[in-house]
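Novice: Submitted below is the structure of interest, expressed as structure tokens.
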Amino acid sequence: MTIDWINFTPWTALVGGVLIGAAASLFVLLNGRIAGISGLLASLVESKAERRGEKLLFLLGILFAPLLWMLLGSLPAMEFQANWVGLLMAGLLVGVGTRYGSGCTSGHGVCGISRLSPRSIVATLVFMAAGFVTVYVLRHLLGG
Amino acid sequence: MRKFTSFVAGLLFGLGLLLSGMANPAKVIGFLDLAGAWDPSLALVMVGAIATALMPFNWARKHERSLLDAPMQLPTKRELDGRLIGGSLLFGVGWGIAGICPGPAIAMLLGGHWQVVLFVLAMLGGMLLFSALERRRAC
């Protein structure tokens with residue numbers, strides 16, 4: 001393993017993480033809800049009509065964050081490496097997988113680990129490991 | 001009031017995703033690429049987020065109602081079953097292919113990249129597929 005010092009951005013990563021943690025904290029302290037994005041999205045898609053307004057507004061906040069950002073400066077780079085087939089497969093897997101696994105990086109990785117939930121700790125270890133293996137296979141075995 | 005705080009929390013969450021680098025798929029893949037030139041930045045996103053959220057969630061676990069008097073809705077499941085493991089496995093494979101997870105997908109949606117639109121449509125399709133399969137199972 002070699003560390004990529006050129007792309008390593010410790011301060012923005014740490015401060016960005018603090019903002020994410022603060023947002024998840026506000027949502028649970030004030031609204032009593034878990035900031036799990038896959039779960040919030042699914043509850044809108046699956047038409048379970050229980051207090052949908054709050055969930056929708058949290059997602060709209062995320063959606064409009066780039067517009068607020070653009071008042072201050074230009075958006076950070078968004079670089080895509082997958083082609084359309086990869087994006088399609090990835091989207092499907094993320095959609096199905098987060099529903100069966102009841103959560104994603106935010107719900108399990110941030111909120112769940114912060115609650116010290118054993119289910120979330122296991123889920124996070126599993127999806128991180130699967131991500132590491134997938135990138136290894138695609139990049140180093142099949143060759144980007 | 002709770003609708004307003006939802007929106008503000010969402011905005012803050014989105015800004016955090018943009019600042020942290022989570023909303024750059026190439027950077028996410030750089031973090032997942034242990035065998036290549038590894039970019040450890042996203043580990044620090046997790047550290048920052050969890051360190052901040054640990055005490056608030058500890059408070060939430062001990063209370064029935066939120067500060068704005070909403071019922072505290074924390075997950076109640078405890079068992080480590082095949083659905084949790086299998087689902088997380090599928091999610092991790094998808095995350096590794098594109099470098100996109102659900103939060104950043106929403107934060108990037110207005111950024112003007114067709115890739116995000118395709119990913120989000122496929123993700124919503126996957127969620128609908130799941131609920132269709134669940135309904136068949138229930139019959």
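Identifiers in the structure tokens: chain A, B, ... in order shown; residue index from 1 per chain; ligand index from 1 in order shown.
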So that I can see what lies close to region 100-104 of chain A, please list as a ChimeraX atom specification the residues with an atom at most 8 Å from it, counting only C-alpha atoms and leaving out residues fewer than 4 positions away in the same chain.

Specialist: /A:36-39,96,108-109,123-124 /B:83-88,91,101-102,130

Novice: Please identify all polymer residues within 7 Å of Ile97 (chain B), counting only C-alpha atoms, omitting same-chain residues fewer than 5 positions from it, and present them as a ChimeraX atom specification.

Specialist: /A:82,86,90,134-135

Novice: How would the residues just chosen look if you wrote them out with C-alpha atoms as a CSV table (one decimal), in the first residue's frame?

Specialist:
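Result went into again.csv, see below:
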chain,number,residue,atom,x,y,z
A,82,ALA,CA,-17.7,4.3,-14.4
A,86,GLY,CA,-21.4,0.5,-14.5
A,90,ALA,CA,-24.1,0.3,-9.4
A,134,THR,CA,-14.8,-4.5,-5.8
A,135,VAL,CA,-12.3,-1.8,-6.5

Novice: Could you give me the residues within chain B that DSSP places in strand (DSSP E or B), as number ranges by chain?

Specialist: B: 37-38, 65, 71

Novice: Just write the chosen residues, N, CA and C atoms, as a compact mmCIF listing (two decimals), in the first residue's frame.

Specialist:
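Just written: selection18.txt:
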# COMPACT_ATOMS: atom_id res chain seq x y z
N ALA B 37 -2.68 3.74 -5.15
CA ALA B 37 -2.28 4.92 -4.38
C ALA B 37 -3.47 5.29 -3.50
N TRP B 38 -3.36 4.96 -2.20
CA TRP B 38 -4.51 5.06 -1.32
C TRP B 38 -4.67 6.47 -0.77
N ARG B 65 -38.60 11.45 23.69
CA ARG B 65 -39.04 12.50 22.77
C ARG B 65 -37.89 13.45 22.47
N PRO B 71 -41.63 12.13 18.57
CA PRO B 71 -41.24 10.82 19.11
C PRO B 71 -39.85 10.44 18.60

Novice: Residues near Gly61 (chain A), anyone? I mean within 6 Å using only C-alpha atoms, not counting same-chain ones fewer than 4 positions away, as a PyMOL selection string.

Specialist: chain B and resi 7+10-11

Novice: I'd like the contact shell of Leu32 (chain B) - 12 Å cut-off, only C-alpha atoms, skipping same-chain residues fewer than 5 positions apart - returned as a ChimeraX atom specification.

Specialist: /A:1,127-139 /B:22,25-27,37-43,92-93,95-100

Novice: Skipping near chain neighbours, those fewer than 3 positions away, what residues fall within 12 Å of Val85 (chain A) using only C-alpha atoms, listed as a PDB file with N, CA and C atoms, in the first residue's frame?

Specialist:
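Saved file around34.pdb follows:
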ATOM      1  N   GLN A  81     -15.749   7.743 -12.998  1.00  0.00           N
ATOM      2  CA  GLN A  81     -14.887   6.781 -13.671  1.00  0.00           C
ATOM      3  C   GLN A  81     -15.680   5.650 -14.313  1.00  0.00           C
ATOM      4  N   ALA A  82     -16.913   5.418 -13.842  1.00  0.00           N
ATOM      5  CA  ALA A  82     -17.715   4.317 -14.385  1.00  0.00           C
ATOM      6  C   ALA A  82     -18.409   4.762 -15.674  1.00  0.00           C
ATOM      7  N   LEU A  88     -25.396   2.128 -14.142  1.00  0.00           N
ATOM      8  CA  LEU A  88     -26.705   1.477 -14.069  1.00  0.00           C
ATOM      9  C   LEU A  88     -26.671   0.319 -13.068  1.00  0.00           C
ATOM     10  N   MET A  89     -25.633  -0.527 -13.206  1.00  0.00           N
ATOM     11  CA  MET A  89     -25.507  -1.664 -12.298  1.00  0.00           C
ATOM     12  C   MET A  89     -25.288  -1.188 -10.867  1.00  0.00           C
ATOM     13  N   ALA A  90     -24.419  -0.199 -10.710  1.00  0.00           N
ATOM     14  CA  ALA A  90     -24.107   0.323  -9.380  1.00  0.00           C
ATOM     15  C   ALA A  90     -25.367   0.875  -8.721  1.00  0.00           C
ATOM     16  N   GLY A  91     -26.137   1.658  -9.477  1.00  0.00           N
ATOM     17  CA  GLY A  91     -27.357   2.240  -8.925  1.00  0.00           C
ATOM     18  C   GLY A  91     -28.327   1.167  -8.458  1.00  0.00           C
ATOM     19  N   LEU A  92     -28.528   0.152  -9.300  1.00  0.00           N
ATOM     20  CA  LEU A  92     -29.433  -0.949  -8.935  1.00  0.00           C
ATOM     21  C   LEU A  92     -28.957  -1.657  -7.669  1.00  0.00           C
TER      22      LEU A  92
ATOM     23  N   GLY B  94     -21.886  -2.177  -5.297  1.00  0.00           N
ATOM     24  CA  GLY B  94     -22.361  -1.041  -6.081  1.00  0.00           C
ATOM     25  C   GLY B  94     -21.564   0.225  -5.777  1.00  0.00           C
ATOM     26  N   ILE B  97     -18.233   0.032  -7.521  1.00  0.00           N
ATOM     27  CA  ILE B  97     -18.262   0.177  -8.986  1.00  0.00           C
ATOM     28  C   ILE B  97     -18.281   1.658  -9.375  1.00  0.00           C
ATOM     29  N   ALA B  98     -19.162   2.437  -8.734  1.00  0.00           N
ATOM     30  CA  ALA B  98     -19.348   3.826  -9.179  1.00  0.00           C
ATOM     31  C   ALA B  98     -18.726   4.853  -8.239  1.00  0.00           C
ATOM     32  N   GLN B 115     -24.309  11.396 -15.389  1.00  0.00           N
ATOM     33  CA  GLN B 115     -23.984  10.158 -14.672  1.00  0.00           C
ATOM     34  C   GLN B 115     -24.797  10.036 -13.379  1.00  0.00           C
ATOM     35  N   LEU B 118     -28.516   9.164 -14.089  1.00  0.00           N
ATOM     36  CA  LEU B 118     -28.655   7.736 -14.406  1.00  0.00           C
ATOM     37  C   LEU B 118     -28.538   6.893 -13.137  1.00  0.00           C
ATOM     38  N   PHE B 119     -27.530   7.215 -12.310  1.00  0.00           N
ATOM     39  CA  PHE B 119     -27.329   6.458 -11.067  1.00  0.00           C
ATOM     40  C   PHE B 119     -28.554   6.551 -10.163  1.00  0.00           C
ATOM     41  N   ALA B 122     -31.490   4.525 -11.472  1.00  0.00           N
ATOM     42  CA  ALA B 122     -31.261   3.096 -11.261  1.00  0.00           C
ATOM     43  C   ALA B 122     -31.432   2.736  -9.783  1.00  0.00           C
TER      44      ALA B 122
END

Novice: One number please: CA of Asn58 (chain B) to CA of Phe64 (chain A), in Å, one decimal.

Specialist: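 Separation between CA of Asn58 (chain B) and CA of Phe64 (chain A): 29.6 Å.
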
Novice: Quick check, in Å to one decimal: how far apart do CA of Lys62 (chain B) and CA of Val28 (chain A) lie?

Specialist: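 Separating CA of Lys62 (chain B) from CA of Val28 (chain A) is a distance of 12.1 Å.
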
Novice: Under the rule that only C-alpha atoms are counted, which of B:His63, B:Gly16, B:Met55, B:Gly30 is the nearest residue to chain A?

Specialist: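 Among B:His63, B:Gly16, B:Met55, B:Gly30, it is B:Gly16 that comes nearest to chain A.
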